[in-house]
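Following: one structure in structure tokens, then a few remarks.
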Number of protein chains: 6
Amino acid sequence: MQKQKEISMESTIRQTITAALAEDMGHGDATSNALVPAEARCTARLIAKQDGVLSGITVYRGVFEALDTAIESWQGRSDGDVIAADDVVASFQGNTRAILAAERTALNFLQHLSGIATLTRSYVDAIAGLDCRVCDTRKTTPLLRVLEKAAVRHGGGTNHRYNLTDGILIKENHIAAAGGIATAITRARDHAHHLMKVEVEVTNMEELRQALEAGADVIMLDNMDNETMRSAVALNWELTNGRVLLEASGNVSLARIRAMAETGVDIISVGSLTHSAPSLDVSLLITPETAD
Amino acid sequence: MQKQKEISMESTIRQTITAALAEDMGHGDATSNALVPAEARCTARLIAKQDGVLSGITVYRGVFEALDTAIESWQGRSDGDVIAADDVVASFQGNTRAILAAERTALNFLQHLSGIATLTRSYVDAIAGLDCRVCDTRKTTPLLRVLEKAAVRHGGGTNHRYNLTDGILIKENHIAAAGGIATAITRARDHAHHLMKVEVEVTNMEELRQALEAGADVIMLDNMDNETMRSAVALNWELTNGRVLLEASGNVSLARIRAMAETGVDIISVGSLTHSAPSLDVSLLITPETAD
Amino acid sequence: MQKQKEISMESTIRQTITAALAEDMGHGDATSNALVPAEARCTARLIAKQDGVLSGITVYRGVFEALDTAIESWQGRSDGDVIAADDVVASFQGNTRAILAAERTALNFLQHLSGIATLTRSYVDAIAGLDCRVCDTRKTTPLLRVLEKAAVRHGGGTNHRYNLTDGILIKENHIAAAGGIATAITRARDHAHHLMKVEVEVTNMEELRQALEAGADVIMLDNMDNETMRSAVALNWELTNGRVLLEASGNVSLARIRAMAETGVDIISVGSLTHSAPSLDVSLLITPETAD
Amino acid sequence: MQKQKEISMESTIRQTITAALAEDMGHGDATSNALVPAEARCTARLIAKQDGVLSGITVYRGVFEALDTAIESWQGRSDGDVIAADDVVASFQGNTRAILAAERTALNFLQHLSGIATLTRSYVDAIAGLDCRVCDTRKTTPLLRVLEKAAVRHGGGTNHRYNLTDGILIKENHIAAAGGIATAITRARDHAHHLMKVEVEVTNMEELRQALEAGADVIMLDNMDNETMRSAVALNWELTNGRVLLEASGNVSLARIRAMAETGVDIISVGSLTHSAPSLDVSLLITPETAD
Amino acid sequence: MQKQKEISMESTIRQTITAALAEDMGHGDATSNALVPAEARCTARLIAKQDGVLSGITVYRGVFEALDTAIESWQGRSDGDVIAADDVVASFQGNTRAILAAERTALNFLQHLSGIATLTRSYVDAIAGLDCRVCDTRKTTPLLRVLEKAAVRHGGGTNHRYNLTDGILIKENHIAAAGGIATAITRARDHAHHLMKVEVEVTNMEELRQALEAGADVIMLDNMDNETMRSAVALNWELTNGRVLLEASGNVSLARIRAMAETGVDIISVGSLTHSAPSLDVSLLITPETAD
Amino acid sequence: MQKQKEISMESTIRQTITAALAEDMGHGDATSNALVPAEARCTARLIAKQDGVLSGITVYRGVFEALDTAIESWQGRSDGDVIAADDVVASFQGNTRAILAAERTALNFLQHLSGIATLTRSYVDAIAGLDCRVCDTRKTTPLLRVLEKAAVRHGGGTNHRYNLTDGILIKENHIAAAGGIATAITRARDHAHHLMKVEVEVTNMEELRQALEAGADVIMLDNMDNETMRSAVALNWELTNGRVLLEASGNVSLARIRAMAETGVDIISVGSLTHSAPSLDVSLLITPETAD
């Protein structure tokens, strides 16, 4: 797959980097300012300590560049790359004080995001060969959604809606307020702009039938067992020729996901990708530059 | 322990809440705006789905209040409380649209922070009765440090330095740059303001001896085995009558922490408290208000 | 139609108000500070000087409240209301200095937005009785999109996508880059999250056929004459039973819009709603409070 | 006239550009990211579709540069230039994704501002040869004042005060609060710093006489007919030898402005320059770069 | 003189307060959080330790309210009041932690601003009875200009222009660039909006004559001795009947200012008012609330 | 002493510079824009008018660069350098408009900070040869703390804690709240992270003894006379072998400081360094570039 630099608000990423540095920096790195000569330079190598999938390498580099605009000789792997323990993930040269000061912030981003990409990849691999996608949720860490959703893509997953504006997802409380599934779908479609699809959450076959008949574009099967999901897939083919997307949600685990995917659902959404992924262990080694 | 509202920059917390809401809200909750009457009100109950330790309840409440200043009848548990599955952690009333729109952001904070408090508590309980503290690190999620460090306290842990400014921690690279442990400590003390202690990281007994003789205030024992740590404790008593604090770091696990604490070290710092805690499962139930 | 307060980021609106006040205020209202007693109060009445549709009344009120939190006795019409010349659109009481200082900023918002709502209404009225919607574009005034799109709704129009993220709209340049309509649609759908529809712009019947066959959800008919649009509608019924939405775009005028709608297209998008609407004339009258 | 780059807070302009891009970008250009190769480059040409006066070309260029710092081969007309339909207003080369993503925002600025400059020019031309200036008001679009006032200058107009701080303008309500024109002028002068002039609004000859006798520096003739304005000019020559500036305001139209100017007033202020100018039609053509 | 609350951007002041608190607070008041019960309340009294003129009391109060919205029983003197050592300048009640945490920031504002007001008053008193004003300059502390210029007014002084936009002041370098005083004045007047006066700096009688003949509104006499200033005043009467304002600048001291004012100049501007005023000593006493 | 560029948040400094420029610039330099050709360039030389110690030269340069990124041929002295009247402190070339527009803001920073460095140096010189340090306080100008504390270092002084978070300082009110010095110290240490020292303020020998016995790390001797301070030093040697730092505070003057230092205290903190230092007189000379 070709890796592409996406046009998005890099200024937003830069703001995130700046704020994270400020959080860790206070008004200066007391230790390095005291002990490291201002002009000292070093070579830094980023070493994987575990196997996994890389995510956040652009942010990682950006953290260093925010403190030292003269970072040089950058060589690095790309987001989405599979990495193995002991791999040199990146190497670069720069001012030693700046590199020491930025190290923790840069690693905090990289380890967190690579942890998400790595966990996502394990789910994606678990359903390899099936026509089903692993998808994230809005259960992300506050303020890091754009980066975490990118990490899910780096791990081979796909994204659900980004926020409350760019997709309609009708849940139980909405249906109750609207007075029924059909009314809810109609009113949602009237309110949404004409490029938005309407998704409805259902918990049983009766609700599914109502949603299909009311013209939902996507239907979330909430916490159904595999047998019920198989029936849901069958009903969708019967009523819409499979044109409606079915998304399975709830109680997803690595152990169960393949069986879920085999029911024929189109998408399986997994909250733990972003809310419970352990960080990936990566560390930074520094070698002083020597005069010769 | 008495729970206290700490005087800090609540404006910072409010900014974090506002930014997190903006991240999830886009330009409005398309679904609720379409389907829920503008004036509808409901009762919301926050229910624990797992046992754990609560953290983030103030932020949680603040998220709802940021959208609906007329939140009423709030009843809630406190940060640091032990909660059990099925407990009603909080209940309140407010505008239904606002509550639905804020739900995900509020839960994202609460589940993440309670996950940290819960993991911390398990480490703290593992060394119960020993004169040793569990302490966090700077391995926090970018932009959430102040909240995550509070979560560690809610779980019974203590905090390490907050950032690069409010504590001196001399590591291997600093020592190399300064030309030795003694020089490094002296120069660090000259540079630091007079309320800062100087901590040095050592990896063996020889470095420990140098650090003790050079007058370090705190010494980090990096990745030592338990036997070496016991020797380190003994040497500290011999040379300083135990006046220097010893902090064990590296390879800490729930299985190992009690044995580490029994070596006599004063502090054990654990990065995974903040970088790898799974979120705690909590959910929100909503009941429409009915006229009677 | 029931008017509803939409849950959205009011903090965003407040920021817009604050920034607009700062722009007009500099470091204080030199004239009022010099001439009006600090404690003077007055009654203010907002009078329409033209017939039109009201939009921005909430922002208008918010501007005054940003300077005088003790605004009282507010009585006002609602966004979306039809108003006539000489109508009292709102009346309220407050500190005279604050009201004089906020007057221009408040009117600048209200007149601009009501101008948009009024122009929109004239387009909507022109196609009354036909099954076709008037829709805006992204040709909005920088920094005011959320307010201008609301004004379009207040005038009875509907909104197109809000920004580049919440909808796929494939234009000529994208098709060229992708190597054809079918490829473009497929790749767009893979890239988009599963709640996004895919719209394609076509300029002739051949492209339309390709787009319909490739499974576009919405098709923009760019600058077609009415006869071609009639053929387009027919082809859509033939190939998809009318399931695909057709949006007419380009060269829309009040004189022409009814004939365009009669071709059977579903949506007509009109850039001038937001980029060329003249402001609606409204003025503020102030009466000092008198002691008796 | 020599065109000059004014030293002002370019950081302010950059913030405006960044905020406008964020408004249109959301979290990325979904269509271009999906369909256009990341490294593709193109030539872009900005073509006028109408005759007019250019304004905003610097902002226009700044929008592209905010997304693609490697914009090349820029050739462009200058703000204030008269342009004709089919003119190439600017051409440049850059990354295709960035240019497509920035296109709408850049055009929204340019078309709006050029619309203002074009309308201003028509008013200025209407009084050609007379010793009278066309001037704007504070009736600007919120958040765009600095750009709109520059657009007025590009069209040959002049600016009134920028905000409530940098000029005294005493209106009816202020006079009533102060207890008379003479008192109002005296108190305003005491309060203002010594580089500010004092302007008073009058509605008839009696008020004009009072204002002249009280030492106003500038007098606004509010909604007077042409004959009254001629008398006002005469009285000003009689009492002050024409030293006081007279500004006509209210009910200005292209049809009437020449007759107004012929009364001898020094300045005519026109609100519609900024609140009701239709946008100028300009479009962007893109040609992919080809390897040869 | 009636003291008035000026309508200005209080949001600006609130931002200044918030930023100053953040600067002093870091992530919390470690000492008070450790030692003072969260619910403890106290009475605080602000005591003058020196005679002087009060300025900044509104900001002072605002700092406390930013941390404790339940400040009660406020009684305080007003900005511009003359205070004497041992005076109780203000008293209020509130949460003890909040008051201790805000104390330093609040005093830093108050002591700095009262120092300026006090120094200004001494200059104003020195020329009592003469028809001459003491005026500040743009030599203010970065980021505090609006507060410092208010402090000058509280001390009885007046303000010069606020910034580079709201007044024209032509200095030597500008004259050289323009090619002479007369050209400079003409071009400045063309460029300025019509409510701005034009001031020119002159260093000798020849330049003064040119400036008077060219129609300057205000003339700054730069570093002239008293005799030359007397001649300048005479020439102004001869040529303009005293209509042009003369501002003396440079080498002003308390010892010299009365003699300068006696030359007949209208204004004397004094940079040291804002750049070198020592702070006024004021302190805060705290008494715990006791239960009885 | 080697001068070093400290790694800290330069983005913070840049924000301060930008905000200060905005404060002085308004929406543009009316005078220079009117009179100075847009392309004119000049050579600027910064000349000391008094002897002193330089501080703020980096900020000074940054102000010019913020307006003119093409500043050239910079030659300048360094922060901490002793300078004499008539010294050329810096020289550089750039756009004339930009240099004139930035001049006042740049000088306002430099003169204020150099004033602080110069005053600090006089205190440091007064205790030359004694084993005692001159230290600042938190009595800084709001929003300028980081720069002012750097100025103190440039003058040879040292810094006290930066804010309320990075050091514990227990004062009278805290002791009262905690119920005694010993309890206060114990609770503070429990609450602080383990790299923070605990300082206690005492006013007499009895309190000093309690503080020493309770294990304070640093003790502030508040407003003691010299004889009492000598006794305090003696007691510290008796009880802790001089291990506790003693800081003298209150009533420090240039006349008295040497005698205070001779009592043997380790540190003398001086509030007036930052709250009452008069600015250092420095001025900017500009020479137009000439073609030859």
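Chain lettering (A, B, ...) mirrors the order of the structure tokens, residue numbering begins at 1 for each chain separately, and ligand numbering begins at 1 in order of display.
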
Closest pair table for chain F residues within 8 Å of chain E, only C-alpha atoms, as CSV:
residue,atom,partner,partner_atom,distance
F:Thr16,CA,E:Leu143,CA,8.0
F:Ala19,CA,E:Leu143,CA,6.9
F:Ala20,CA,E:Pro142,CA,5.3
F:Glu23,CA,E:Leu143,CA,6.8
F:Asp24,CA,E:Asn163,CA,4.7
F:Met25,CA,E:Leu164,CA,5.1
F:Gly26,CA,E:Thr165,CA,5.4
F:His27,CA,E:Thr165,CA,6.1
F:Gly28,CA,E:Thr165,CA,5.5
F:Asp29,CA,E:Leu164,CA,4.7
F:Ala30,CA,E:Thr165,CA,5.2
F:Thr31,CA,E:Ile168,CA,5.3
F:Ser32,CA,E:His174,CA,6.8
F:Ala34,CA,E:Ala188,CA,5.3
F:Leu35,CA,E:Ala178,CA,5.4
F:Val36,CA,E:Ala177,CA,5.5
F:Pro37,CA,E:Ala177,CA,7.5
F:Ala101,CA,E:Leu164,CA,7.6
F:Arg104,CA,E:Lys139,CA,7.1
F:Thr105,CA,E:Pro142,CA,7.1
F:Asn108,CA,E:Lys139,CA,6.0
F:Phe109,CA,E:Pro142,CA,6.7
F:His112,CA,E:His275,CA,7.1
F:Arg138,CA,E:Arg104,CA,7.2
F:Lys139,CA,E:Asn108,CA,6.0
F:Thr140,CA,E:Asn108,CA,6.5
F:Thr141,CA,E:Asn108,CA,6.3
F:Pro142,CA,E:Ala20,CA,5.4
F:Leu143,CA,E:Ala20,CA,5.4
F:Arg145,CA,E:Glu23,CA,7.5
F:Tyr162,CA,E:Asp24,CA,7.5
F:Asn163,CA,E:Asp24,CA,4.7
F:Leu164,CA,E:Asp29,CA,4.8
F:Thr165,CA,E:Ala30,CA,5.2
F:Asp166,CA,E:Ala30,CA,7.7
F:Gly167,CA,E:Ala30,CA,7.3
F:Ile168,CA,E:Thr31,CA,5.2
F:Leu169,CA,E:Thr31,CA,6.3
F:Ile170,CA,E:Thr31,CA,6.4
F:Asn173,CA,E:Ile286,CA,7.4
F:His174,CA,E:Leu35,CA,5.9
F:Ile175,CA,E:Leu35,CA,7.7
F:Ala177,CA,E:Val36,CA,5.5
F:Ala178,CA,E:Leu35,CA,5.4
F:Ala184,CA,E:Leu35,CA,6.4
F:Arg187,CA,E:Ala34,CA,6.2
F:Ala188,CA,E:Ala34,CA,5.3
F:His191,CA,E:Ala34,CA,5.6
F:Ala192,CA,E:Ala30,CA,6.7
F:His275,CA,E:Ser279,CA,6.0
F:Ser276,CA,E:Pro278,CA,4.2
F:Ala277,CA,E:Ser276,CA,6.9
F:Pro278,CA,E:Ser276,CA,4.2
F:Ser279,CA,E:Ser276,CA,5.6
F:Ile286,CA,E:Asn173,CA,7.5

### Task
List every residue of segment 3-226 of chain D that DSSP, applied to the backbone of this structure, places in helix (DSSP H, G or I), and write the result as number ranges by chain.
D: 10-25, 30-35, 57-67, 96-126, 145-154, 172-178, 181-191, 205-213, 226

### Message
Could you list, as a VMD selection string, every residue within 9 Å of segment 214-221 of chain C, counting only C-alpha atoms and ignoring same-chain residues fewer than 3 positions away?
### Response
(chain A and resid 194 to 195) or (chain C and resid 169 181 to 183 185 to 186 197 to 204 208 to 211 224 229 232 243 to 250)

How would the residues just picked look written out with C-alpha atoms as a PDB file, in the first residue's frame?
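This went into result_0.pdb:
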ATOM      1  CA  HIS A 194     -27.386  15.160   1.938  1.00  0.00           C
ATOM      2  CA  LEU A 195     -23.929  13.580   2.074  1.00  0.00           C
TER       3      LEU A 195
ATOM      4  CA  LEU C 169     -17.365  15.565  -3.384  1.00  0.00           C
ATOM      5  CA  ILE C 181     -15.101   8.136 -12.485  1.00  0.00           C
ATOM      6  CA  ALA C 182     -15.475   4.501 -11.480  1.00  0.00           C
ATOM      7  CA  THR C 183     -12.033   4.290  -9.944  1.00  0.00           C
ATOM      8  CA  ILE C 185     -15.777   6.450  -6.565  1.00  0.00           C
ATOM      9  CA  THR C 186     -14.327   3.143  -5.441  1.00  0.00           C
ATOM     10  CA  LYS C 197     -21.834   9.327   1.055  1.00  0.00           C
ATOM     11  CA  VAL C 198     -19.911   9.883  -2.139  1.00  0.00           C
ATOM     12  CA  GLU C 199     -20.937  12.703  -4.484  1.00  0.00           C
ATOM     13  CA  VAL C 200     -19.547  13.160  -7.975  1.00  0.00           C
ATOM     14  CA  GLU C 201     -19.690  16.222 -10.200  1.00  0.00           C
ATOM     15  CA  VAL C 202     -20.611  15.539 -13.837  1.00  0.00           C
ATOM     16  CA  THR C 203     -20.956  17.887 -16.775  1.00  0.00           C
ATOM     17  CA  ASN C 204     -22.720  15.739 -19.372  1.00  0.00           C
ATOM     18  CA  LEU C 208     -23.672  10.944 -15.483  1.00  0.00           C
ATOM     19  CA  ARG C 209     -24.169   7.413 -16.773  1.00  0.00           C
ATOM     20  CA  GLN C 210     -20.714   6.425 -15.574  1.00  0.00           C
ATOM     21  CA  ALA C 211     -21.350   7.895 -12.174  1.00  0.00           C
ATOM     22  CA  MET C 224     -26.361  21.953 -17.252  1.00  0.00           C
ATOM     23  CA  MET C 229     -31.193  18.107 -16.414  1.00  0.00           C
ATOM     24  CA  ALA C 232     -30.492  13.346 -16.219  1.00  0.00           C
ATOM     25  CA  ARG C 243     -32.362   6.292  -5.528  1.00  0.00           C
ATOM     26  CA  VAL C 244     -29.449   8.587  -6.322  1.00  0.00           C
ATOM     27  CA  LEU C 245     -29.820  12.255  -5.357  1.00  0.00           C
ATOM     28  CA  LEU C 246     -29.310  14.799  -8.146  1.00  0.00           C
ATOM     29  CA  GLU C 247     -28.007  18.253  -7.242  1.00  0.00           C
ATOM     30  CA  ALA C 248     -28.121  21.102  -9.746  1.00  0.00           C
ATOM     31  CA  SER C 249     -25.358  23.667  -9.468  1.00  0.00           C
ATOM     32  CA  GLY C 250     -24.225  26.770 -11.342  1.00  0.00           C
TER      33      GLY C 250
END

### Query
What does the distance between atom CA of Ala48 of chain F and atom CA of Ser253 of chain F come to in Å, to one decimal place?
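The value is 26.2 Å.
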
### Task
Return as number ranges by chain the full set of residues in segment 218-274 of chain F whose backbone-based DSSP assignment is strand (DSSP E).
F: 218-222, 245-249, 267-269

Print the selection's residues with all heavy atoms to a file, as a JSON list (two decimals), in the first residue's frame.
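Here's the written file selection-v5.json:
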[["chain", "number", "residue", "atom", "x", "y", "z"],
["F", 218, "VAL", "N", 15.29, 24.10, 54.35],
["F", 218, "VAL", "CA", 15.70, 25.49, 54.21],
["F", 218, "VAL", "C", 14.86, 26.30, 55.20],
["F", 218, "VAL", "O", 13.70, 25.99, 55.43],
["F", 218, "VAL", "CB", 15.43, 26.01, 52.77],
["F", 218, "VAL", "CG1", 15.99, 27.42, 52.59],
["F", 218, "VAL", "CG2", 16.03, 25.06, 51.73],
["F", 219, "ILE", "N", 15.46, 27.33, 55.76],
["F", 219, "ILE", "CA", 14.71, 28.17, 56.71],
["F", 219, "ILE", "C", 14.88, 29.63, 56.32],
["F", 219, "ILE", "O", 15.99, 30.11, 56.10],
["F", 219, "ILE", "CB", 15.18, 27.93, 58.16],
["F", 219, "ILE", "CG1", 14.87, 26.47, 58.55],
["F", 219, "ILE", "CG2", 14.50, 28.90, 59.12],
["F", 219, "ILE", "CD1", 15.41, 26.06, 59.91],
["F", 220, "MET", "N", 13.74, 30.32, 56.22],
["F", 220, "MET", "CA", 13.76, 31.74, 55.91],
["F", 220, "MET", "C", 13.72, 32.53, 57.22],
["F", 220, "MET", "O", 12.79, 32.38, 58.02],
["F", 220, "MET", "CB", 12.57, 32.13, 55.05],
["F", 220, "MET", "CG", 12.52, 33.63, 54.76],
["F", 220, "MET", "SD", 11.04, 34.10, 53.81],
["F", 220, "MET", "CE", 11.47, 33.47, 52.21],
["F", 221, "LEU", "N", 14.71, 33.38, 57.40],
["F", 221, "LEU", "CA", 14.77, 34.24, 58.59],
["F", 221, "LEU", "C", 14.10, 35.56, 58.21],
["F", 221, "LEU", "O", 14.66, 36.35, 57.45],
["F", 221, "LEU", "CB", 16.23, 34.45, 58.98],
["F", 221, "LEU", "CG", 17.09, 33.17, 59.11],
["F", 221, "LEU", "CD1", 18.54, 33.54, 59.44],
["F", 221, "LEU", "CD2", 16.52, 32.24, 60.17],
["F", 222, "ASP", "N", 12.92, 35.77, 58.76],
["F", 222, "ASP", "CA", 12.11, 36.87, 58.28],
["F", 222, "ASP", "C", 12.34, 38.13, 59.09],
["F", 222, "ASP", "O", 12.04, 38.18, 60.29],
["F", 222, "ASP", "CB", 10.63, 36.47, 58.33],
["F", 222, "ASP", "CG", 9.75, 37.56, 57.75],
["F", 222, "ASP", "OD1", 10.11, 38.13, 56.71],
["F", 222, "ASP", "OD2", 8.70, 37.86, 58.36],
["F", 245, "LEU", "N", 19.95, 25.18, 54.86],
["F", 245, "LEU", "CA", 20.23, 26.49, 54.26],
["F", 245, "LEU", "C", 19.45, 27.57, 54.99],
["F", 245, "LEU", "O", 18.26, 27.40, 55.27],
["F", 245, "LEU", "CB", 19.81, 26.50, 52.79],
["F", 245, "LEU", "CG", 20.63, 25.63, 51.84],
["F", 245, "LEU", "CD1", 20.02, 25.69, 50.44],
["F", 245, "LEU", "CD2", 22.08, 26.11, 51.79],
["F", 246, "LEU", "N", 20.08, 28.70, 55.26],
["F", 246, "LEU", "CA", 19.41, 29.83, 55.90],
["F", 246, "LEU", "C", 19.29, 30.97, 54.89],
["F", 246, "LEU", "O", 20.27, 31.38, 54.28],
["F", 246, "LEU", "CB", 20.19, 30.29, 57.13],
["F", 246, "LEU", "CG", 20.32, 29.26, 58.26],
["F", 246, "LEU", "CD1", 21.02, 29.91, 59.47],
["F", 246, "LEU", "CD2", 18.97, 28.70, 58.67],
["F", 247, "GLU", "N", 18.07, 31.46, 54.74],
["F", 247, "GLU", "CA", 17.79, 32.54, 53.80],
["F", 247, "GLU", "C", 17.30, 33.77, 54.55],
["F", 247, "GLU", "O", 16.28, 33.70, 55.24],
["F", 247, "GLU", "CB", 16.71, 32.07, 52.80],
["F", 247, "GLU", "CG", 16.19, 33.17, 51.90],
["F", 247, "GLU", "CD", 14.97, 32.74, 51.07],
["F", 247, "GLU", "OE1", 14.70, 31.52, 50.98],
["F", 247, "GLU", "OE2", 14.28, 33.62, 50.55],
["F", 248, "ALA", "N", 18.00, 34.88, 54.42],
["F", 248, "ALA", "CA", 17.56, 36.13, 55.06],
["F", 248, "ALA", "C", 16.63, 36.87, 54.12],
["F", 248, "ALA", "O", 16.87, 36.94, 52.91],
["F", 248, "ALA", "CB", 18.77, 37.00, 55.37],
["F", 249, "SER", "N", 15.58, 37.44, 54.71],
["F", 249, "SER", "CA", 14.57, 38.09, 53.90],
["F", 249, "SER", "C", 14.01, 39.30, 54.62],
["F", 249, "SER", "O", 13.81, 39.27, 55.82],
["F", 249, "SER", "CB", 13.45, 37.08, 53.60],
["F", 249, "SER", "OG", 12.36, 37.72, 53.00],
["F", 267, "ILE", "N", 21.85, 32.71, 51.92],
["F", 267, "ILE", "CA", 21.13, 33.35, 50.83],
["F", 267, "ILE", "C", 20.46, 34.62, 51.36],
["F", 267, "ILE", "O", 19.96, 34.63, 52.47],
["F", 267, "ILE", "CB", 20.01, 32.41, 50.31],
["F", 267, "ILE", "CG1", 20.62, 31.09, 49.81],
["F", 267, "ILE", "CG2", 19.17, 33.07, 49.23],
["F", 267, "ILE", "CD1", 19.60, 29.97, 49.73],
["F", 268, "ILE", "N", 20.45, 35.66, 50.54],
["F", 268, "ILE", "CA", 19.66, 36.86, 50.87],
["F", 268, "ILE", "C", 18.72, 37.12, 49.70],
["F", 268, "ILE", "O", 19.16, 37.29, 48.57],
["F", 268, "ILE", "CB", 20.57, 38.08, 51.11],
["F", 268, "ILE", "CG1", 21.55, 37.78, 52.25],
["F", 268, "ILE", "CG2", 19.73, 39.32, 51.41],
["F", 268, "ILE", "CD1", 22.60, 38.87, 52.47],
["F", 269, "SER", "N", 17.41, 37.11, 50.00],
["F", 269, "SER", "CA", 16.44, 37.32, 48.91],
["F", 269, "SER", "C", 15.97, 38.77, 48.90],
["F", 269, "SER", "O", 15.71, 39.36, 49.95],
["F", 269, "SER", "CB", 15.26, 36.36, 49.05],
["F", 269, "SER", "OG", 14.66, 36.47, 50.31]]

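Across the structure, atom CA of Ser114 of chain D and atom CA of Ser91 of chain D are spaced 17.4 Å apart.
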
#### Entry: Spatial neighbours of segment 92-94 of chain D, max dist 6 Å, only C-alpha atoms, sep filter under 5 positions, as JSON, numbers by chain
{"D": [41, 42, 43, 44, 71, 72, 73, 74]}

Write the residues of the preceding selection, restricted to N, CA and C atoms, as a PDB file, in the first residue's frame.
ATOM      1  N   ARG D  41       1.945  17.306  -8.329  1.00  0.00           N
ATOM      2  CA  ARG D  41       2.070  18.750  -8.382  1.00  0.00           C
ATOM      3  C   ARG D  41       1.270  19.277  -9.567  1.00  0.00           C
ATOM      4  N   CYS D  42       0.910  20.554  -9.504  1.00  0.00           N
ATOM      5  CA  CYS D  42       0.136  21.126 -10.601  1.00  0.00           C
ATOM      6  C   CYS D  42       0.443  22.612 -10.745  1.00  0.00           C
ATOM      7  N   THR D  43       0.002  23.130 -11.863  1.00  0.00           N
ATOM      8  CA  THR D  43       0.031  24.569 -12.072  1.00  0.00           C
ATOM      9  C   THR D  43      -1.383  25.095 -11.874  1.00  0.00           C
ATOM     10  N   ALA D  44      -1.493  26.164 -11.102  1.00  0.00           N
ATOM     11  CA  ALA D  44      -2.808  26.751 -10.831  1.00  0.00           C
ATOM     12  C   ALA D  44      -2.856  28.146 -11.427  1.00  0.00           C
ATOM     13  N   ILE D  71       5.172  26.529  -2.398  1.00  0.00           N
ATOM     14  CA  ILE D  71       4.541  27.193  -3.549  1.00  0.00           C
ATOM     15  C   ILE D  71       5.639  27.840  -4.394  1.00  0.00           C
ATOM     16  N   GLU D  72       5.564  27.648  -5.705  1.00  0.00           N
ATOM     17  CA  GLU D  72       6.634  28.151  -6.580  1.00  0.00           C
ATOM     18  C   GLU D  72       6.093  28.933  -7.761  1.00  0.00           C
ATOM     19  N   SER D  73       7.002  29.682  -8.359  1.00  0.00           N
ATOM     20  CA  SER D  73       6.719  30.375  -9.627  1.00  0.00           C
ATOM     21  C   SER D  73       5.518  31.300  -9.526  1.00  0.00           C
ATOM     22  N   TRP D  74       5.353  31.902  -8.382  1.00  0.00           N
ATOM     23  CA  TRP D  74       4.227  32.818  -8.198  1.00  0.00           C
ATOM     24  C   TRP D  74       4.350  34.014  -9.133  1.00  0.00           C
TER      25      TRP D  74
END

### Arg153 of chain F environment, 9 Å, only C-alpha atoms, sequence neighbours closer than 3 positions dropped, as an NGL selection string
:F and (80 or 117 or 120 or 135 or 148-150 or 156-159)

### Query
Which value, in Å to one decimal, gives the distance between atom CA of Asn226 of chain F and atom CA of Glu238 of chain F?
18.5 Å
